[in-house]
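Just below is one structure, and these are the notes that go with it.
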Amino acid sequence: MADTGAVKSQDTPFEGGPMDGRVLPVLLGPTGHPPKTYRIPVPDAAGGPPTVLVYRRVPRGQSKRLGLQQGWKYEFDPEGKKSGRPKWPWSKPDAQPDA
């Protein structure tokens, strides 16, 4: 693998979907964690817009004795909804016009 200098990466497994069983190096953020969502654009064979596969970060597991987290993995999110902005308790729900 190429030398990335000061940028750190971690081999992260993917579960579910087309990437099931693969392990890819994922760049870590300033906190040392991979991103919460990982989006993979897949080009369309017919030349149309690319399909975007969405994977969500979940804990890989815990150690038996101390219960420490063992790292992260990505699970396939077939709906691929964007998380959007945080849902604050004082925020109004999205307006639904009556039709």
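Residue numbering restarts at 1 for every chain of the structure tokens, chains are lettered A, B, ... in their displayed order, and ligands are numbered from 1 as they appear.
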Would you mind listing what lies within 7 Å of range 25-40 of chain A as an MDAnalysis selection string, with only C-alpha atoms counted and same-chain residues fewer than 2 positions away left out?
-> chainID A and resid 8:12 23 42 52:57
Grab the residues selected above and save them as a compact mmCIF listing (two decimals), in the first residue's frame with C-alpha atoms.
```txt
# COMPACT_ATOMS: atom_id res chain seq x y z
CA LYS A 8 -4.04 7.26 9.08
CA SER A 9 -6.25 4.50 7.78
CA GLN A 10 -7.71 1.34 9.25
CA ASP A 11 -8.69 -1.89 7.51
CA THR A 12 -12.46 -2.02 8.04
CA VAL A 23 -12.05 -5.36 3.89
CA VAL A 42 -21.14 2.49 -8.58
CA VAL A 52 -24.73 4.96 -4.47
CA LEU A 53 -24.26 2.17 -1.93
CA VAL A 54 -24.56 3.39 1.67
CA TYR A 55 -22.90 1.64 4.60
CA ARG A 56 -23.32 2.66 8.27
CA ARG A 57 -20.61 2.34 10.93
```
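On the backbone of this structure, DSSP gives strand (DSSP E) within range 12-99 of chain A to Thr12, Pro13, Phe14, Glu15, Val23, Leu24, Pro25, Val26, Leu27, Thr37, Tyr38, Arg39, Ile40, Pro41, Val42, Thr51, Val52, Leu53, Val54, Tyr55, Arg56, Arg57, Val58, Pro59, Trp72, Lys73, Tyr74, Glu75 and Phe76 of chain A.
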By how many Å are CA of Met19 in chain A and CA of Ser63 in chain A apart?
-> 25.9 Å
May I ask for the distance between CA of Gln70 in chain A and CA of Val58 in chain A, given in Å to one decimal place?
-> 10.9 Å
Mind checking which residues fall within 12 Å of Gln69 in chain A, counting only C-alpha atoms, ignoring those fewer than 4 positions away in the same chain, and posting them as JSON, numbers by chain?
-> {"A": [58, 59, 60, 61, 62, 63, 64, 65, 73]}
Work out how far CA of Trp72 in chain A is from CA of Phe14 in chain A, in Å to one decimal.
-> 9.7 Å
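Considering the residues A:Gly67, A:Pro89, A:Glu79, A:Tyr74 and counting only C-alpha atoms, Leu24 in chain A has its shortest atom-to-atom contact with A:Tyr74.
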